[in-house]
Amino acid sequence: MIKIALGTSNPHKLEEINDMLKEIHPDSVEFVLVEGDFNPEENGMTFEENSYIKAAEAAKVMGIPALADDTGLCVKALDNRPGIHSARYAPDQKSKIAKLLDEMKNVPEEEREAYFICTMTLVAPDGKILHTQTGRIDGYIDTKPSGEHGFGYDPLFFVPNLNKTMADMSMKEKNTLSHRARALKPMVEWIMKNLS
């Protein structure tokens, strides 16, 4: 079992990653939360830079390779905003959804394309980038929220080929189809091939 630090202080993210791992490669990699002083400043200008900042800090603190991701929602009609500011777009989920709906209120149905993107970076304890991987899922911003699962923008993000929002998906569907799952699967394959 390969032990990798996960560059987050959020136990929910660890749980989500480990749930995805069960769907794709059980018993291959063990992700662990960072213990100790972990407070990276996410001041990068891209998803890649922010994921590197978190992973490098985690690898340094833990003394083992670390993985971190930076994830965001990019809306075409809003010049790809909220983008890297997705987590800080508004104070909580309810206000994020309200703000996005307000910004999109005059955008016609055919111009509501958006995508979720997740960039993962794996970093060695010396700060060297070992591997990066990006996953993406395309969809549309719906005119009203739907679904009970997920968090953030999931209730507004409609995936046409499934005819449902991310928040309407089952956990199993999300763990195999989401932007994070699409980055994690090839990342874990790389880890198994190169670090075992």
# chains A, B, ... in the order shown; residues from 1 in each chain; ligands from 1

call {"tool": "residues_around", "arguments": {"residues": "Glu148 in chain A", "least_positions_apart": "4", "cutoff": "12 Å", "atoms": "only C-alpha atoms", "output": "ChimeraX atom specification"}}
result
/A:152-156,164-171

call {"tool": "residues_around", "arguments": {"residues": "Asn175 in chain A", "least_positions_apart": "3", "cutoff": "9 Å", "atoms": "only C-alpha atoms", "output": "ChimeraX atom specification"}}
result
/A:16-17,19-21,23-24,170-172,178,180-182

call {"tool": "closest_residue", "arguments": {"among": "A:Lys96, A:His85, A:Lys105, A:Lys60", "to": "Ala124 in chain A", "atoms": "only C-alpha atoms"}}
result
A:Lys60

call {"tool": "select_by_dssp", "arguments": {"residues": "range 9-153 of chain A", "states": "helix (DSSP H, G or I)", "output": "ChimeraX atom specification"}}
result
/A:11-24,47-62,76-78,83-88,93-103,109-111

call {"tool": "residues_around", "arguments": {"residues": "range 118-122 of chain A", "least_positions_apart": "6", "cutoff": "7 Å", "atoms": "only C-alpha atoms", "output": "list in words"}}
result
Phe47, Glu48, Ser51, Tyr52, Ala55, Pro65, Ala66, Leu67, Ala68, Asp69, Asp70, Thr71, Gly72, Ile129, Leu130, His131, Thr132, Gln133, Thr134, Gly135, Arg136, His179, Arg180 and Ala183 of chain A

call {"tool": "residues_around", "arguments": {"residues": "Phe31 in chain A", "least_positions_apart": "6", "cutoff": "10 Å", "atoms": "only C-alpha atoms", "output": "mmCIF file with N, CA, C and O atoms, in the first residue's frame"}}
result
data_model
loop_
_atom_site.group_PDB
_atom_site.id
_atom_site.type_symbol
_atom_site.label_atom_id
_atom_site.label_comp_id
_atom_site.auth_asym_id
_atom_site.auth_seq_id
_atom_site.Cartn_x
_atom_site.Cartn_y
_atom_site.Cartn_z
ATOM 1 N N MET A 1 0.856 -1.201 0.000
ATOM 2 C CA MET A 1 0.000 0.000 0.000
ATOM 3 C C MET A 1 0.891 1.251 0.000
ATOM 4 O O MET A 1 1.767 1.395 0.841
ATOM 5 N N ILE A 2 0.668 2.141 -0.953
ATOM 6 C CA ILE A 2 1.465 3.361 -1.067
ATOM 7 C C ILE A 2 0.771 4.462 -0.258
ATOM 8 O O ILE A 2 -0.412 4.726 -0.464
ATOM 9 N N LYS A 3 1.521 5.088 0.647
ATOM 10 C CA LYS A 3 0.926 6.130 1.491
ATOM 11 C C LYS A 3 1.218 7.506 0.877
ATOM 12 O O LYS A 3 2.371 7.845 0.603
ATOM 13 N N ILE A 4 0.147 8.266 0.655
ATOM 14 C CA ILE A 4 0.249 9.607 0.068
ATOM 15 C C ILE A 4 -0.504 10.584 0.974
ATOM 16 O O ILE A 4 -1.643 10.315 1.364
ATOM 17 N N ALA A 5 0.145 11.705 1.293
ATOM 18 C CA ALA A 5 -0.555 12.749 2.061
ATOM 19 C C ALA A 5 -1.498 13.490 1.120
ATOM 20 O O ALA A 5 -1.168 13.742 -0.042
ATOM 21 N N LEU A 6 -2.680 13.816 1.609
ATOM 22 C CA LEU A 6 -3.635 14.579 0.815
ATOM 23 C C LEU A 6 -3.593 16.025 1.287
ATOM 24 O O LEU A 6 -3.821 16.305 2.466
ATOM 25 N N GLY A 7 -3.254 16.926 0.370
ATOM 26 C CA GLY A 7 -3.050 18.333 0.721
ATOM 27 C C GLY A 7 -4.339 19.069 0.993
ATOM 28 O O GLY A 7 -4.765 19.925 0.219
ATOM 29 N N LEU A 14 -11.074 14.073 2.022
ATOM 30 C CA LEU A 14 -10.380 12.788 2.190
ATOM 31 C C LEU A 14 -11.371 11.633 2.011
ATOM 32 O O LEU A 14 -11.090 10.660 1.313
ATOM 33 N N GLU A 15 -12.528 11.781 2.621
ATOM 34 C CA GLU A 15 -13.573 10.753 2.532
ATOM 35 C C GLU A 15 -14.021 10.559 1.077
ATOM 36 O O GLU A 15 -14.154 9.436 0.595
ATOM 37 N N ILE A 17 -12.332 11.309 -1.713
ATOM 38 C CA ILE A 17 -11.248 10.708 -2.498
ATOM 39 C C ILE A 17 -11.165 9.203 -2.208
ATOM 40 O O ILE A 17 -11.019 8.390 -3.117
ATOM 41 N N ASN A 18 -11.252 8.837 -0.930
ATOM 42 C CA ASN A 18 -11.179 7.413 -0.580
ATOM 43 C C ASN A 18 -12.369 6.629 -1.112
ATOM 44 O O ASN A 18 -12.227 5.472 -1.503
ATOM 45 N N LEU A 21 -11.658 6.035 -4.690
ATOM 46 C CA LEU A 21 -10.607 5.021 -4.781
ATOM 47 C C LEU A 21 -11.202 3.610 -4.723
ATOM 48 O O LEU A 21 -10.756 2.714 -5.437
ATOM 49 N N ALA A 66 2.887 14.014 -1.633
ATOM 50 C CA ALA A 66 1.551 14.532 -1.328
ATOM 51 C C ALA A 66 0.824 14.887 -2.611
ATOM 52 O O ALA A 66 1.429 15.319 -3.599
ATOM 53 N N LEU A 67 -0.486 14.716 -2.549
ATOM 54 C CA LEU A 67 -1.355 15.032 -3.673
ATOM 55 C C LEU A 67 -2.327 16.120 -3.233
ATOM 56 O O LEU A 67 -2.855 16.076 -2.121
#

call {"tool": "closest_residue", "arguments": {"among": "A:Asn194, A:Ser146, A:Asn10, A:Asn80", "to": "Ile97 in chain A", "atoms": "only C-alpha atoms"}}
result
A:Ser146

call {"tool": "closest_residue", "arguments": {"among": "A:Phe151, A:His25, A:Ser95, A:Thr8", "to": "Thr176 in chain A", "atoms": "only C-alpha atoms"}}
result
A:His25

call {"tool": "atom_distance", "arguments": {"atom1": "CA of Pro160 in chain A", "atom2": "CA of Glu111 in chain A"}}
result
13.9 Å

call {"tool": "select_by_dssp", "arguments": {"residues": "range 122-167 of chain A", "states": "strand (DSSP E or B)", "output": "PDB file with all heavy atoms, in the first residue's frame"}}
result
ATOM      1  N   LEU A 122       0.944  15.950  -7.875  1.00  0.00           N
ATOM      2  CA  LEU A 122       1.643  15.075  -6.930  1.00  0.00           C
ATOM      3  C   LEU A 122       3.054  15.615  -6.765  1.00  0.00           C
ATOM      4  O   LEU A 122       3.759  15.830  -7.753  1.00  0.00           O
ATOM      5  CB  LEU A 122       1.675  13.650  -7.485  1.00  0.00           C
ATOM      6  CG  LEU A 122       2.312  12.579  -6.606  1.00  0.00           C
ATOM      7  CD1 LEU A 122       1.444  12.283  -5.379  1.00  0.00           C
ATOM      8  CD2 LEU A 122       2.535  11.294  -7.412  1.00  0.00           C
ATOM      9  N   VAL A 123       3.442  15.848  -5.515  1.00  0.00           N
ATOM     10  CA  VAL A 123       4.715  16.525  -5.239  1.00  0.00           C
ATOM     11  C   VAL A 123       5.539  15.706  -4.249  1.00  0.00           C
ATOM     12  O   VAL A 123       4.999  15.155  -3.280  1.00  0.00           O
ATOM     13  CB  VAL A 123       4.452  17.950  -4.675  1.00  0.00           C
ATOM     14  CG1 VAL A 123       5.760  18.660  -4.324  1.00  0.00           C
ATOM     15  CG2 VAL A 123       3.680  18.790  -5.690  1.00  0.00           C
ATOM     16  N   ILE A 129       7.755  18.413  -8.659  1.00  0.00           N
ATOM     17  CA  ILE A 129       6.497  17.894  -9.197  1.00  0.00           C
ATOM     18  C   ILE A 129       6.758  16.510  -9.792  1.00  0.00           C
ATOM     19  O   ILE A 129       7.618  16.342 -10.653  1.00  0.00           O
ATOM     20  CB  ILE A 129       5.915  18.834 -10.280  1.00  0.00           C
ATOM     21  CG1 ILE A 129       5.507  20.172  -9.672  1.00  0.00           C
ATOM     22  CG2 ILE A 129       4.704  18.182 -10.964  1.00  0.00           C
ATOM     23  CD1 ILE A 129       5.005  21.201 -10.676  1.00  0.00           C
ATOM     24  N   LEU A 130       6.000  15.518  -9.293  1.00  0.00           N
ATOM     25  CA  LEU A 130       6.129  14.162  -9.809  1.00  0.00           C
ATOM     26  C   LEU A 130       5.175  13.927 -10.980  1.00  0.00           C
ATOM     27  O   LEU A 130       5.529  13.279 -11.956  1.00  0.00           O
ATOM     28  CB  LEU A 130       5.840  13.148  -8.691  1.00  0.00           C
ATOM     29  CG  LEU A 130       6.804  13.199  -7.488  1.00  0.00           C
ATOM     30  CD1 LEU A 130       6.295  12.322  -6.360  1.00  0.00           C
ATOM     31  CD2 LEU A 130       8.208  12.769  -7.910  1.00  0.00           C
ATOM     32  N   HIS A 131       3.945  14.457 -10.860  1.00  0.00           N
ATOM     33  CA  HIS A 131       2.949  14.223 -11.914  1.00  0.00           C
ATOM     34  C   HIS A 131       1.782  15.189 -11.744  1.00  0.00           C
ATOM     35  O   HIS A 131       1.443  15.555 -10.620  1.00  0.00           O
ATOM     36  CB  HIS A 131       2.439  12.781 -11.817  1.00  0.00           C
ATOM     37  CG  HIS A 131       1.642  12.344 -13.013  1.00  0.00           C
ATOM     38  ND1 HIS A 131       2.134  12.341 -14.296  1.00  0.00           N
ATOM     39  CD2 HIS A 131       0.358  11.889 -13.118  1.00  0.00           C
ATOM     40  CE1 HIS A 131       1.206  11.903 -15.135  1.00  0.00           C
ATOM     41  NE2 HIS A 131       0.110  11.634 -14.451  1.00  0.00           N
ATOM     42  N   THR A 132       1.186  15.604 -12.855  1.00  0.00           N
ATOM     43  CA  THR A 132      -0.059  16.389 -12.786  1.00  0.00           C
ATOM     44  C   THR A 132      -1.101  15.719 -13.675  1.00  0.00           C
ATOM     45  O   THR A 132      -0.746  15.043 -14.654  1.00  0.00           O
ATOM     46  CB  THR A 132       0.112  17.858 -13.259  1.00  0.00           C
ATOM     47  OG1 THR A 132       0.604  17.843 -14.592  1.00  0.00           O
ATOM     48  CG2 THR A 132       1.044  18.639 -12.376  1.00  0.00           C
ATOM     49  N   GLN A 133      -2.354  15.921 -13.324  1.00  0.00           N
ATOM     50  CA  GLN A 133      -3.442  15.291 -14.054  1.00  0.00           C
ATOM     51  C   GLN A 133      -4.666  16.194 -13.973  1.00  0.00           C
ATOM     52  O   GLN A 133      -4.959  16.735 -12.903  1.00  0.00           O
ATOM     53  CB  GLN A 133      -3.757  13.933 -13.413  1.00  0.00           C
ATOM     54  CG  GLN A 133      -4.600  13.035 -14.253  1.00  0.00           C
ATOM     55  CD  GLN A 133      -3.842  12.479 -15.459  1.00  0.00           C
ATOM     56  OE1 GLN A 133      -2.754  11.938 -15.321  1.00  0.00           O
ATOM     57  NE2 GLN A 133      -4.412  12.632 -16.633  1.00  0.00           N
ATOM     58  N   THR A 134      -5.365  16.358 -15.079  1.00  0.00           N
ATOM     59  CA  THR A 134      -6.566  17.191 -15.073  1.00  0.00           C
ATOM     60  C   THR A 134      -7.769  16.385 -15.541  1.00  0.00           C
ATOM     61  O   THR A 134      -7.667  15.602 -16.476  1.00  0.00           O
ATOM     62  CB  THR A 134      -6.365  18.433 -15.973  1.00  0.00           C
ATOM     63  OG1 THR A 134      -5.340  19.246 -15.398  1.00  0.00           O
ATOM     64  CG2 THR A 134      -7.633  19.268 -16.066  1.00  0.00           C
ATOM     65  N   GLY A 135      -8.891  16.573 -14.849  1.00  0.00           N
ATOM     66  CA  GLY A 135     -10.150  15.951 -15.244  1.00  0.00           C
ATOM     67  C   GLY A 135     -11.191  17.040 -15.466  1.00  0.00           C
ATOM     68  O   GLY A 135     -11.141  18.089 -14.825  1.00  0.00           O
ATOM     69  N   ARG A 136     -12.126  16.764 -16.356  1.00  0.00           N
ATOM     70  CA  ARG A 136     -13.121  17.787 -16.697  1.00  0.00           C
ATOM     71  C   ARG A 136     -14.453  17.121 -17.031  1.00  0.00           C
ATOM     72  O   ARG A 136     -14.483  16.030 -17.596  1.00  0.00           O
ATOM     73  CB  ARG A 136     -12.586  18.573 -17.906  1.00  0.00           C
ATOM     74  CG  ARG A 136     -13.567  19.542 -18.522  1.00  0.00           C
ATOM     75  CD  ARG A 136     -12.904  20.336 -19.617  1.00  0.00           C
ATOM     76  NE  ARG A 136     -13.908  20.990 -20.454  1.00  0.00           N
ATOM     77  CZ  ARG A 136     -13.695  22.043 -21.217  1.00  0.00           C
ATOM     78  NH1 ARG A 136     -12.498  22.581 -21.275  1.00  0.00           N
ATOM     79  NH2 ARG A 136     -14.646  22.573 -21.932  1.00  0.00           N
ATOM     80  N   ILE A 137     -15.546  17.782 -16.670  1.00  0.00           N
ATOM     81  CA  ILE A 137     -16.870  17.334 -17.083  1.00  0.00           C
ATOM     82  C   ILE A 137     -17.629  18.555 -17.605  1.00  0.00           C
ATOM     83  O   ILE A 137     -17.602  19.618 -16.989  1.00  0.00           O
ATOM     84  CB  ILE A 137     -17.634  16.606 -15.956  1.00  0.00           C
ATOM     85  CG1 ILE A 137     -18.982  16.062 -16.478  1.00  0.00           C
ATOM     86  CG2 ILE A 137     -17.824  17.468 -14.724  1.00  0.00           C
ATOM     87  CD1 ILE A 137     -19.669  15.069 -15.551  1.00  0.00           C
ATOM     88  N   ASP A 138     -18.248  18.403 -18.781  1.00  0.00           N
ATOM     89  CA  ASP A 138     -18.951  19.514 -19.414  1.00  0.00           C
ATOM     90  C   ASP A 138     -20.448  19.430 -19.138  1.00  0.00           C
ATOM     91  O   ASP A 138     -21.000  18.339 -19.012  1.00  0.00           O
ATOM     92  CB  ASP A 138     -18.703  19.492 -20.927  1.00  0.00           C
ATOM     93  CG  ASP A 138     -17.251  19.828 -21.252  1.00  0.00           C
ATOM     94  OD1 ASP A 138     -16.938  21.020 -21.323  1.00  0.00           O
ATOM     95  OD2 ASP A 138     -16.440  18.896 -21.398  1.00  0.00           O
ATOM     96  N   GLY A 139     -21.068  20.587 -19.070  1.00  0.00           N
ATOM     97  CA  GLY A 139     -22.510  20.627 -18.839  1.00  0.00           C
ATOM     98  C   GLY A 139     -23.057  22.024 -19.046  1.00  0.00           C
ATOM     99  O   GLY A 139     -22.479  22.827 -19.787  1.00  0.00           O
ATOM    100  N   TYR A 140     -24.166  22.305 -18.366  1.00  0.00           N
ATOM    101  CA  TYR A 140     -24.849  23.600 -18.468  1.00  0.00           C
ATOM    102  C   TYR A 140     -25.246  24.072 -17.078  1.00  0.00           C
ATOM    103  O   TYR A 140     -25.441  23.268 -16.173  1.00  0.00           O
ATOM    104  CB  TYR A 140     -26.132  23.465 -19.312  1.00  0.00           C
ATOM    105  CG  TYR A 140     -25.865  23.197 -20.763  1.00  0.00           C
ATOM    106  CD1 TYR A 140     -25.686  21.894 -21.213  1.00  0.00           C
ATOM    107  CD2 TYR A 140     -25.769  24.235 -21.681  1.00  0.00           C
ATOM    108  CE1 TYR A 140     -25.413  21.630 -22.548  1.00  0.00           C
ATOM    109  CE2 TYR A 140     -25.506  23.983 -23.014  1.00  0.00           C
ATOM    110  CZ  TYR A 140     -25.324  22.689 -23.454  1.00  0.00           C
ATOM    111  OH  TYR A 140     -25.048  22.445 -24.773  1.00  0.00           O
ATOM    112  N   ILE A 141     -25.414  25.383 -16.944  1.00  0.00           N
ATOM    113  CA  ILE A 141     -25.947  25.937 -15.703  1.00  0.00           C
ATOM    114  C   ILE A 141     -27.465  25.975 -15.820  1.00  0.00           C
ATOM    115  O   ILE A 141     -28.013  26.642 -16.696  1.00  0.00           O
ATOM    116  CB  ILE A 141     -25.388  27.359 -15.430  1.00  0.00           C
ATOM    117  CG1 ILE A 141     -23.860  27.324 -15.327  1.00  0.00           C
ATOM    118  CG2 ILE A 141     -25.996  27.935 -14.146  1.00  0.00           C
ATOM    119  CD1 ILE A 141     -23.287  26.390 -14.273  1.00  0.00           C
ATOM    120  N   PHE A 157     -25.461  22.358 -11.820  1.00  0.00           N
ATOM    121  CA  PHE A 157     -24.650  21.876 -12.941  1.00  0.00           C
ATOM    122  C   PHE A 157     -25.335  20.676 -13.589  1.00  0.00           C
ATOM    123  O   PHE A 157     -25.347  19.572 -13.059  1.00  0.00           O
ATOM    124  CB  PHE A 157     -23.244  21.502 -12.469  1.00  0.00           C
ATOM    125  CG  PHE A 157     -22.289  21.218 -13.601  1.00  0.00           C
ATOM    126  CD1 PHE A 157     -21.644  22.265 -14.245  1.00  0.00           C
ATOM    127  CD2 PHE A 157     -22.045  19.918 -14.022  1.00  0.00           C
ATOM    128  CE1 PHE A 157     -20.764  22.012 -15.294  1.00  0.00           C
ATOM    129  CE2 PHE A 157     -21.175  19.657 -15.072  1.00  0.00           C
ATOM    130  CZ  PHE A 157     -20.527  20.712 -15.700  1.00  0.00           C
ATOM    131  N   PHE A 158     -25.936  20.936 -14.771  1.00  0.00           N
ATOM    132  CA  PHE A 158     -26.732  19.929 -15.483  1.00  0.00           C
ATOM    133  C   PHE A 158     -25.860  19.201 -16.504  1.00  0.00           C
ATOM    134  O   PHE A 158     -25.174  19.836 -17.308  1.00  0.00           O
ATOM    135  CB  PHE A 158     -27.908  20.620 -16.174  1.00  0.00           C
ATOM    136  CG  PHE A 158     -28.857  19.673 -16.848  1.00  0.00           C
ATOM    137  CD1 PHE A 158     -29.805  18.978 -16.105  1.00  0.00           C
ATOM    138  CD2 PHE A 158     -28.801  19.470 -18.219  1.00  0.00           C
ATOM    139  CE1 PHE A 158     -30.695  18.100 -16.726  1.00  0.00           C
ATOM    140  CE2 PHE A 158     -29.679  18.596 -18.850  1.00  0.00           C
ATOM    141  CZ  PHE A 158     -30.631  17.902 -18.101  1.00  0.00           C
ATOM    142  N   VAL A 159     -25.877  17.867 -16.444  1.00  0.00           N
ATOM    143  CA  VAL A 159     -25.087  17.049 -17.369  1.00  0.00           C
ATOM    144  C   VAL A 159     -26.038  16.449 -18.409  1.00  0.00           C
ATOM    145  O   VAL A 159     -26.838  15.559 -18.093  1.00  0.00           O
ATOM    146  CB  VAL A 159     -24.337  15.927 -16.612  1.00  0.00           C
ATOM    147  CG1 VAL A 159     -23.465  15.119 -17.560  1.00  0.00           C
ATOM    148  CG2 VAL A 159     -23.481  16.524 -15.480  1.00  0.00           C
ATOM    149  N   LYS A 164     -29.470  14.980 -15.864  1.00  0.00           N
ATOM    150  CA  LYS A 164     -29.617  15.296 -14.438  1.00  0.00           C
ATOM    151  C   LYS A 164     -28.483  16.211 -13.990  1.00  0.00           C
ATOM    152  O   LYS A 164     -27.464  16.331 -14.684  1.00  0.00           O
ATOM    153  CB  LYS A 164     -29.643  14.031 -13.589  1.00  0.00           C
ATOM    154  CG  LYS A 164     -28.434  13.118 -13.737  1.00  0.00           C
ATOM    155  CD  LYS A 164     -28.465  11.943 -12.764  1.00  0.00           C
ATOM    156  CE  LYS A 164     -29.231  10.761 -13.279  1.00  0.00           C
ATOM    157  NZ  LYS A 164     -29.039   9.533 -12.462  1.00  0.00           N
ATOM    158  N   THR A 165     -28.689  16.863 -12.855  1.00  0.00           N
ATOM    159  CA  THR A 165     -27.614  17.690 -12.301  1.00  0.00           C
ATOM    160  C   THR A 165     -26.646  16.798 -11.523  1.00  0.00           C
ATOM    161  O   THR A 165     -26.969  15.646 -11.197  1.00  0.00           O
ATOM    162  CB  THR A 165     -28.151  18.773 -11.334  1.00  0.00           C
ATOM    163  OG1 THR A 165     -28.656  18.127 -10.159  1.00  0.00           O
ATOM    164  CG2 THR A 165     -29.220  19.634 -11.975  1.00  0.00           C
TER     165      THR A 165
END

call {"tool": "closest_residue", "arguments": {"among": "A:Pro82, A:Lys13, A:Ile53, A:Met62", "to": "Asp37 in chain A", "atoms": "only C-alpha atoms"}}
result
A:Met62

call {"tool": "residues_around", "arguments": {"residues": "Glu103 in chain A", "least_positions_apart": "5", "cutoff": "10 Å", "atoms": "only C-alpha atoms", "output": "PyMOL selection string"}}
result
chain A and resi 77-78+97-98
